[in-house]
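Source file: data-v8.tsv; contents: TSV, C-alpha atoms and all ligand atoms.
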chain	number	residue	atom	x	y	z
A	160	MET	CA	-13.70	-66.75	-14.20
A	161	GLY	CA	-13.83	-63.27	-15.62
A	162	LYS	CA	-16.63	-60.87	-16.36
A	163	ASP	CA	-19.58	-62.51	-18.06
A	164	VAL	CA	-23.21	-62.18	-19.06
A	165	ILE	CA	-25.46	-64.78	-17.42
A	166	ILE	CA	-28.81	-65.45	-19.11
A	167	ALA	CA	-31.66	-66.02	-16.63
A	168	CYS	CA	-33.45	-69.02	-18.14
A	169	ASP	CA	-36.77	-68.38	-16.41
A	170	PHE	CA	-38.69	-70.95	-18.43
A	171	ALA	CA	-41.30	-73.29	-17.01
A	172	SER	CA	-40.06	-76.43	-18.76
A	173	GLY	CA	-36.91	-78.15	-19.90
A	174	GLN	CA	-38.26	-78.36	-23.42
A	175	LYS	CA	-38.66	-74.59	-23.69
A	176	THR	CA	-35.21	-74.08	-22.22
A	177	MET	CA	-33.58	-76.48	-24.67
A	178	GLU	CA	-35.39	-74.87	-27.60
A	179	PHE	CA	-34.10	-71.49	-26.44
A	180	LEU	CA	-30.51	-72.68	-25.98
A	181	GLY	CA	-30.70	-74.38	-29.38
A	182	LEU	CA	-30.93	-70.91	-30.96
A	183	PHE	CA	-27.35	-70.27	-29.86
A	184	GLY	CA	-25.81	-73.08	-31.95
A	185	GLU	CA	-22.14	-73.39	-31.11
A	186	LYS	CA	-22.25	-70.46	-28.67
A	187	LYS	CA	-22.53	-71.57	-25.05
A	188	PRO	CA	-23.66	-68.70	-22.86
A	189	PHE	CA	-23.47	-68.88	-19.05
A	190	VAL	CA	-27.04	-69.59	-17.87
A	191	LYS	CA	-28.95	-69.19	-14.61
A	192	ILE	CA	-31.37	-71.91	-13.56
A	193	GLY	CA	-33.83	-70.82	-10.90
A	194	MET	CA	-36.25	-72.57	-8.59
A	195	GLU	CA	-39.10	-72.79	-11.09
A	196	LEU	CA	-37.16	-74.75	-13.71
A	197	PHE	CA	-35.23	-76.82	-11.14
A	198	TYR	CA	-38.36	-77.85	-9.27
A	199	ALA	CA	-40.18	-78.62	-12.52
A	200	GLU	CA	-37.46	-80.72	-14.09
A	201	GLY	CA	-35.20	-81.83	-11.26
A	202	PRO	CA	-31.41	-82.20	-11.29
A	203	GLU	CA	-31.52	-83.76	-14.75
A	204	ILE	CA	-31.98	-80.32	-16.31
A	205	VAL	CA	-28.62	-79.26	-14.85
A	206	ARG	CA	-26.91	-82.33	-16.32
A	207	GLN	CA	-28.52	-81.75	-19.73
A	208	ILE	CA	-27.46	-78.11	-19.92
A	209	LYS	CA	-23.94	-78.94	-18.69
A	210	GLU	CA	-23.72	-81.61	-21.39
A	211	ARG	CA	-24.39	-78.91	-23.98
A	212	GLY	CA	-21.29	-77.12	-22.66
A	213	HIS	CA	-22.82	-74.23	-20.72
A	214	LYS	CA	-21.70	-72.87	-17.37
A	215	ILE	CA	-24.53	-72.87	-14.83
A	216	PHE	CA	-25.49	-70.54	-12.00
A	217	LEU	CA	-27.88	-72.59	-9.85
A	218	ASP	CA	-30.03	-69.93	-8.20
A	219	LEU	CA	-31.70	-71.94	-5.43
A	220	LYS	CA	-31.01	-69.54	-2.52
A	221	LEU	CA	-30.46	-72.10	0.24
A	222	HIS	CA	-31.35	-71.14	3.83
A	223	ASP	CA	-31.52	-73.84	6.53
A	224	ILE	CA	-29.51	-75.22	9.43
A	225	PRO	CA	-25.78	-75.55	8.65
A	226	ASN	CA	-25.76	-79.35	8.42
A	227	THR	CA	-28.65	-79.45	5.93
A	228	VAL	CA	-27.14	-76.70	3.80
A	229	LYS	CA	-23.74	-78.42	3.80
A	230	LYS	CA	-25.20	-81.72	2.59
A	231	SER	CA	-27.43	-80.03	0.00
A	232	MET	CA	-24.53	-77.97	-1.35
A	233	ASN	CA	-22.57	-81.18	-1.70
A	234	VAL	CA	-25.29	-82.54	-3.98
A	235	LEU	CA	-25.29	-79.34	-6.09
A	236	SER	CA	-21.51	-79.41	-6.34
A	237	ARG	CA	-21.64	-82.97	-7.67
A	238	LEU	CA	-24.06	-81.76	-10.34
A	239	ASP	CA	-21.11	-79.70	-11.54
A	240	ALA	CA	-22.79	-76.32	-11.10
A	241	ASP	CA	-20.37	-73.40	-11.63
A	242	MET	CA	-22.07	-70.96	-9.25
A	243	CYS	CA	-24.50	-71.48	-6.33
A	244	ASN	CA	-26.09	-69.16	-3.81
A	245	LEU	CA	-27.63	-68.93	-0.35
A	246	HIS	CA	-29.22	-66.36	1.96
A	247	ALA	CA	-26.67	-64.48	4.05
A	248	ALA	CA	-29.44	-64.27	6.67
A	249	GLY	CA	-28.63	-67.92	7.49
A	250	GLY	CA	-25.55	-66.64	9.31
A	251	SER	CA	-21.82	-67.26	9.17
A	252	LYS	CA	-21.97	-70.85	10.48
A	253	MET	CA	-24.36	-71.78	7.69
A	254	MET	CA	-22.20	-70.01	5.09
A	255	ARG	CA	-19.03	-71.78	6.23
A	256	ALA	CA	-20.84	-75.13	6.23
A	257	ALA	CA	-22.04	-74.43	2.69
A	258	LEU	CA	-18.46	-73.87	1.52
A	259	GLU	CA	-17.38	-77.15	3.10
A	260	GLY	CA	-20.21	-78.98	1.37
A	261	LEU	CA	-19.32	-77.49	-2.00
A	262	MET	CA	-15.67	-78.60	-1.93
A	263	ARG	CA	-15.02	-81.43	-4.40
A	264	PRO	CA	-12.50	-84.21	-3.81
A	265	ASP	CA	-10.19	-82.58	-6.39
A	266	GLY	CA	-10.11	-79.31	-4.39
A	267	THR	CA	-12.34	-77.34	-6.78
A	268	ARG	CA	-15.77	-75.93	-5.91
A	269	PRO	CA	-18.49	-73.81	-7.50
A	270	ILE	CA	-18.40	-70.05	-6.86
A	271	LEU	CA	-20.60	-69.31	-3.84
A	272	ILE	CA	-22.44	-66.01	-3.56
A	273	ALA	CA	-24.92	-64.67	-1.02
A	274	VAL	CA	-28.26	-62.96	-1.36
A	275	THR	CA	-28.28	-60.04	1.11
A	276	GLN	CA	-31.80	-58.63	1.33
A	277	LEU	CA	-34.19	-59.52	-1.48
A	278	THR	CA	-35.05	-56.46	-3.55
A	279	SER	CA	-38.71	-57.32	-2.91
A	280	THR	CA	-38.17	-56.57	0.80
A	281	ASP	CA	-38.78	-52.88	1.41
A	282	SER	CA	-37.67	-50.78	4.39
A	283	GLU	CA	-41.05	-51.12	6.11
A	284	THR	CA	-41.00	-54.92	5.94
A	285	LEU	CA	-37.43	-54.89	7.20
A	286	LYS	CA	-38.40	-52.82	10.22
A	287	ASN	CA	-41.92	-54.02	11.03
A	288	GLU	CA	-41.80	-57.70	10.07
A	289	LEU	CA	-38.16	-58.76	10.20
A	290	LEU	CA	-37.64	-56.41	13.19
A	291	ILE	CA	-34.35	-55.12	11.76
A	292	GLY	CA	-33.96	-51.49	12.82
A	293	THR	CA	-30.79	-50.84	10.82
A	294	PRO	CA	-31.42	-48.97	7.54
A	295	MET	CA	-31.65	-51.11	4.40
A	296	ALA	CA	-28.41	-49.92	2.78
A	297	GLU	CA	-26.37	-50.69	5.90
A	298	THR	CA	-28.11	-54.05	6.35
A	299	VAL	CA	-27.16	-55.02	2.80
A	300	MET	CA	-23.53	-53.95	3.28
A	301	SER	CA	-23.26	-55.67	6.64
A	302	TYR	CA	-24.65	-58.93	5.22
A	303	ALA	CA	-22.14	-58.63	2.35
A	304	GLU	CA	-19.33	-58.20	4.86
A	305	ASN	CA	-20.50	-61.27	6.81
A	306	ALA	CA	-20.48	-63.25	3.58
A	307	LYS	CA	-16.96	-62.06	2.80
A	308	ASN	CA	-15.74	-62.87	6.31
A	309	SER	CA	-17.28	-66.35	6.02
A	310	GLY	CA	-15.18	-67.01	2.92
A	311	LEU	CA	-17.84	-66.55	0.24
A	312	ASP	CA	-16.88	-65.24	-3.20
A	313	GLY	CA	-19.44	-62.46	-3.57
A	314	VAL	CA	-23.03	-61.30	-3.43
A	315	VAL	CA	-26.06	-60.83	-5.63
A	316	CYS	CA	-26.83	-57.11	-5.65
A	317	SER	CA	-28.12	-54.27	-7.74
A	318	PRO	CA	-25.54	-52.81	-10.14
A	319	LEU	CA	-26.24	-49.58	-8.22
A	320	GLU	CA	-24.71	-51.22	-5.12
A	321	ALA	CA	-21.72	-52.82	-6.86
A	322	GLU	CA	-19.33	-49.95	-6.18
A	323	ALA	CA	-20.22	-49.75	-2.47
A	324	VAL	CA	-19.88	-53.53	-2.08
A	325	HIS	CA	-16.42	-53.44	-3.67
A	326	LYS	CA	-15.41	-50.56	-1.42
A	327	ARG	CA	-16.53	-52.39	1.70
A	328	CYS	CA	-15.50	-55.96	0.78
A	329	GLY	CA	-12.64	-55.47	-1.69
A	330	ALA	CA	-12.35	-55.36	-5.48
A	331	GLY	CA	-12.00	-59.15	-5.70
A	332	PHE	CA	-15.35	-59.79	-3.98
A	333	LEU	CA	-17.77	-60.60	-6.80
A	334	THR	CA	-20.90	-58.61	-7.57
A	335	VAL	CA	-23.49	-60.55	-9.55
A	336	THR	CA	-26.12	-58.07	-10.67
A	337	PRO	CA	-29.64	-58.50	-12.06
A	338	GLY	CA	-31.76	-55.46	-12.95
A	339	VAL	CA	-30.14	-54.84	-16.34
A	340	ARG	CA	-31.98	-53.31	-19.27
A	341	PHE	CA	-31.00	-51.92	-22.67
A	342	ALA	CA	-31.24	-48.13	-22.93
A	343	ASP	CA	-34.04	-48.50	-25.51
A	344	GLY	CA	-35.73	-51.51	-23.86
A	345	ASP	CA	-38.72	-52.23	-21.61
A	346	ILE	CA	-38.04	-51.93	-17.87
A	347	GLY	CA	-40.90	-54.34	-17.03
A	348	ASP	CA	-41.28	-54.99	-13.28
A	349	GLN	CA	-37.69	-54.02	-12.42
A	350	LYS	CA	-37.47	-50.73	-10.57
A	351	ARG	CA	-33.85	-49.60	-10.47
A	352	VAL	CA	-32.03	-50.64	-13.62
A	353	MET	CA	-28.76	-50.04	-15.42
A	354	THR	CA	-27.70	-50.76	-19.00
A	355	PRO	CA	-24.97	-53.38	-19.54
A	356	ALA	CA	-22.52	-50.54	-20.31
A	357	GLU	CA	-23.43	-48.71	-17.09
A	358	ALA	CA	-23.14	-51.96	-15.09
A	359	LYS	CA	-19.64	-52.37	-16.54
A	360	LYS	CA	-18.72	-48.84	-15.44
A	361	ALA	CA	-20.19	-49.51	-11.99
A	362	GLY	CA	-17.86	-52.51	-11.64
A	363	SER	CA	-20.35	-55.42	-11.85
A	364	ASP	CA	-18.53	-58.72	-12.30
A	365	TYR	CA	-21.44	-60.67	-13.77
A	366	ILE	CA	-24.71	-59.30	-15.09
A	367	VAL	CA	-27.80	-61.52	-14.93
A	368	VAL	CA	-30.11	-60.74	-17.84
A	369	GLY	CA	-33.47	-62.42	-18.42
A	370	ARG	CA	-36.26	-60.92	-20.47
A	371	PRO	CA	-34.18	-58.43	-22.48
A	372	ILE	CA	-32.67	-61.58	-24.05
A	373	THR	CA	-35.28	-64.33	-23.58
A	374	ALA	CA	-38.20	-62.19	-24.83
A	375	ALA	CA	-36.27	-60.47	-27.64
A	376	ASP	CA	-37.26	-61.04	-31.26
A	377	ASP	CA	-33.70	-62.18	-31.84
A	378	PRO	CA	-32.33	-63.54	-28.52
A	379	VAL	CA	-28.89	-64.31	-29.94
A	380	ALA	CA	-28.47	-60.73	-31.22
A	381	ALA	CA	-29.70	-59.38	-27.86
A	382	TYR	CA	-27.19	-61.59	-26.02
A	383	GLU	CA	-24.37	-60.45	-28.29
A	384	ARG	CA	-25.36	-56.83	-27.73
A	385	CYS	CA	-25.18	-57.42	-23.97
A	386	VAL	CA	-21.75	-59.02	-24.25
A	387	LYS	CA	-20.48	-56.20	-26.46
A	388	GLU	CA	-21.74	-53.50	-24.08
A	389	PHE	CA	-20.63	-55.26	-20.90
A	390	ILE	CA	-17.36	-56.90	-21.89
A	391	GLY	CA	-16.46	-54.97	-25.05
B	401	LIG	O1	-36.01	-60.79	-16.79
B	401	LIG	P1	-35.07	-60.10	-15.86
B	401	LIG	O2	-33.83	-59.54	-16.57
B	401	LIG	O3	-35.72	-59.07	-14.99
B	401	LIG	O4	-34.52	-61.28	-14.92
B	401	LIG	C1	-33.68	-61.05	-13.82
B	401	LIG	C2	-33.39	-62.34	-13.12
B	401	LIG	O5	-32.67	-62.04	-11.93
B	401	LIG	C3	-34.64	-63.10	-12.69
B	401	LIG	O6	-34.32	-64.49	-12.72
B	401	LIG	C4	-34.86	-62.63	-11.27
B	401	LIG	O7	-35.53	-63.58	-10.49
B	401	LIG	C5	-33.42	-62.44	-10.79
B	401	LIG	N1	-33.27	-61.50	-9.68
B	401	LIG	C6	-33.69	-60.17	-9.75
B	401	LIG	N2	-33.50	-59.33	-8.69
B	401	LIG	C7	-32.93	-59.79	-7.56
B	401	LIG	C8	-32.51	-61.10	-7.47
B	401	LIG	C9	-32.70	-61.94	-8.56
B	401	LIG	O8	-34.18	-59.74	-10.77
B	401	LIG	N3	-32.74	-58.95	-6.57

Can the structure from this file be put into structure tokens for me?
Amino acid sequence: MGKDVIIACDFASGQKTMEFLGLFGEKKPFVKIGMELFYAEGPEIVRQIKERGHKIFLDLKLHDIPNTVKKSMNVLSRLDADMCNLHAAGGSKMMRAALEGLMRPDGTRPILIAVTQLTSTDSETLKNELLIGTPMAETVMSYAENAKNSGLDGVVCSPLEAEAVHKRCGAGFLTVTPGVRFADGDIGDQKRVMTPAEAKKAGSDYIVVGRPITAADDPVAAYERCVKEFIG
């Protein structure tokens, strides 16, 4: 899979999601389904969106003992998700088990990426609550390296970190980057953002874009603008 724009479908119901995707007609953007929608609608929502012809990033951020993660990943793989994720904090045994679980009988599997440190975790929390004394930037890079060494395909990170991740883990290690805003758009609750064009320059492989598309007056035009800026 090449560079792509992934729309974060952060809707509370399947009906809203289907109405939104209906706007795109014959176009079939890559979409991200998160916990809220998955827990509200169950696996059926994945099947329905796949049936419409979309690729799906199932953003469920698994983190448990290796055996449980392996079996759960197997279920997600059978749902025909194209991309899944987990917390690198689960460790290399868990990450390797996840890859095993994802492998389909025909030898294919969804892309597997790791969350390093959530952007909502600040340096104080890292030090005082998680008891990690290493600075945030190095923690993120070290988690990315563990993911790479465990065989994963990439990480979720800020577009501002994409270059450093590629330097440390190789150009082929995928960077999937939220925190994208149009130059003339609302930043909302995101803190450190880049435009799709800047994310392209920074080397992001996939940008994850929610509200700049989902809350736009014309979501299809906003999506196309993203694609044009990011892919060209
Ligand atoms: O609406 P917006 O473009 O901010 O949506 C970004 C999406 O990426 C949301 O689904 C959000 O949960 C997700 N995300 C993020 N920052 C992270 C990890 C995930 O914004 N560090």

Would you name the residues within 8 Å of ligand LIG 401 (chain B), counting only C-alpha atoms and all ligand atoms, and put them as a PDB file with C-alpha atoms, in the coordinates of the input?
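What landed in selection.pdb:
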ATOM      1  CA  ALA A 167     -31.660 -66.020 -16.630  1.00  0.00           C
ATOM      2  CA  CYS A 168     -33.450 -69.020 -18.140  1.00  0.00           C
ATOM      3  CA  ASP A 169     -36.770 -68.380 -16.410  1.00  0.00           C
ATOM      4  CA  LYS A 191     -28.950 -69.190 -14.610  1.00  0.00           C
ATOM      5  CA  GLY A 193     -33.830 -70.820 -10.900  1.00  0.00           C
ATOM      6  CA  VAL A 274     -28.260 -62.960  -1.360  1.00  0.00           C
ATOM      7  CA  GLN A 276     -31.800 -58.630   1.330  1.00  0.00           C
ATOM      8  CA  LEU A 277     -34.190 -59.520  -1.480  1.00  0.00           C
ATOM      9  CA  THR A 278     -35.050 -56.460  -3.550  1.00  0.00           C
ATOM     10  CA  SER A 279     -38.710 -57.320  -2.910  1.00  0.00           C
ATOM     11  CA  VAL A 315     -26.060 -60.830  -5.630  1.00  0.00           C
ATOM     12  CA  CYS A 316     -26.830 -57.110  -5.650  1.00  0.00           C
ATOM     13  CA  SER A 317     -28.120 -54.270  -7.740  1.00  0.00           C
ATOM     14  CA  THR A 336     -26.120 -58.070 -10.670  1.00  0.00           C
ATOM     15  CA  PRO A 337     -29.640 -58.500 -12.060  1.00  0.00           C
ATOM     16  CA  GLY A 338     -31.760 -55.460 -12.950  1.00  0.00           C
ATOM     17  CA  VAL A 339     -30.140 -54.840 -16.340  1.00  0.00           C
ATOM     18  CA  ARG A 340     -31.980 -53.310 -19.270  1.00  0.00           C
ATOM     19  CA  GLY A 347     -40.900 -54.340 -17.030  1.00  0.00           C
ATOM     20  CA  ASP A 348     -41.280 -54.990 -13.280  1.00  0.00           C
ATOM     21  CA  GLN A 349     -37.690 -54.020 -12.420  1.00  0.00           C
ATOM     22  CA  VAL A 367     -27.800 -61.520 -14.930  1.00  0.00           C
ATOM     23  CA  VAL A 368     -30.110 -60.740 -17.840  1.00  0.00           C
ATOM     24  CA  GLY A 369     -33.470 -62.420 -18.420  1.00  0.00           C
ATOM     25  CA  ARG A 370     -36.260 -60.920 -20.470  1.00  0.00           C
ATOM     26  CA  PRO A 371     -34.180 -58.430 -22.480  1.00  0.00           C
ATOM     27  CA  ILE A 372     -32.670 -61.580 -24.050  1.00  0.00           C
ATOM     28  CA  THR A 373     -35.280 -64.330 -23.580  1.00  0.00           C
TER      29      THR A 373
END

- Leaving out segment 294-311 of chain A and any residue of its chain fewer than 4 positions from it, which residues lie within 7 Å of it when counting all atoms listed in the file, given as number ranges by chain? A: 247, 251, 254-255, 271-273, 275-276, 282, 324, 328

- Item | Which residue of A:Leu219, A:Val314, A:Ile366, A:Val379 approaches Asp163 of chain A most closely, using all atoms listed in the file |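 Selected residue with least distance to Asp163 of chain A: A:Ile366.
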
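Distances to Asn226 of chain A were evaluated for A:Val205, A:Ala257, A:Ala240, A:Val352 using all atoms listed in the file, and the minimum falls at A:Ala257.
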
- Query: Quick one: residues within 6 Å of segment 357-360 of chain A, only C-alpha atoms counted, chain neighbours fewer than 3 positions away excluded, as an MDAnalysis selection string?
  - Reply: chainID A and resid 318 353:354 363 389

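Excluding Val164 of chain A itself and any same-chain residue fewer than 5 positions from it, the protein and nucleic acid residues within 10 Å of it, counting only C-alpha atoms, are Pro188, Phe189, Val190, Val335, Thr336, Pro355, Asp364, Tyr365, Ile366, Val367, Val368, Tyr382, Glu383, Cys385, Val386, Lys387, Phe389 and Ile390 of chain A.
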
- Message: At a cut-off of 9 Å, using only C-alpha atoms, what residues contact Glu322 of chain A? Leave out same-chain residues fewer than 5 positions from it and give the result as a list of chain:residue names.
- Response: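 Listed by chain and then number, they are A:Arg327, A:Ala330, A:Thr334, A:Ala361, A:Gly362, A:Ser363.
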
- For the atom pair atom CA of Leu285 of chain A and atom CA of Cys243 of chain A, what is the interatomic distance in Å to one decimal place?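 For atom CA of Leu285 of chain A relative to atom CA of Cys243 of chain A, the distance reads 25.0 Å.
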
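Of note, atom CA of Ala321 of chain A and atom CA of Asn244 of chain A are spaced 17.2 Å apart.
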
- Note on the structure: Residue with the minimum atom-to-atom distance to Lys214 of chain A, picked from A:Ile166, A:Leu261, A:Leu333, A:Leu290 with all atoms listed in the file counted, is A:Ile166

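The coordinates place atom CA of Asn233 of chain A at 10.1 Å from atom CA of Ala256 of chain A.
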
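With all atoms listed in the file as the atoms that count, the minimum distance from Phe216 of chain A to the choices A:Gly250, A:Met194, A:Glu203, A:His325 is reached by A:Met194.
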